[in-house]
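Report on the structure given below.
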Amino acid sequence: MEKDLLELYGSPLISGEKLRKALGYRSMDAMRKAIVRKTFPVKTFTIVNRRGKFVLIKDIALWLATQSRQ
């Protein structure tokens, strides 16, 4: 799954609209609220001199795999 996501998004990390779609949030606002409320399902991080929160594709793949097993 990680390989597929990497091919789809073309980078080992994603943010913004791509991140919203990958995790299935209905809107950017809903995703932002989850991050602020600390209910976001994967670890986010910031990058110096870049806007927004970032997530590793590897973490998304792991979370998706876990969800599919439940």
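Just remember, in the structure tokens the first chain shown is A, the second B, etc., residues are 1-based per chain, and ligands are 1-based in the order shown.
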**OP:** Please run DSSP on the backbone and report, as a count of residues only, all residues within chain A that come out as helix (DSSP H, G or I).
**Re:** 38
**OP:** Extract, using only C-alpha atoms, all DNA, RNA and protein residues at most 10 Å from Leu62 in chain A, discarding same-chain residues fewer than 6 positions from it, and format them as a PyMOL selection string.
**Re:** chain A and resi 1-2+42
Original post:
Please, what distance in Å, to one decimal, runs between CA of Val55 in chain A and CA of Lys38 in chain A?
Top reply: 14.2 Å
**OP:** Name the residues in contact with Leu8 in chain A at a cut-off of 12 Å, using only C-alpha atoms, excluding same-chain residues fewer than 6 positions from it; report them as an MDAnalysis selection string.
**Re:** chainID A and resid 1:2 14 18:19 21:22 57
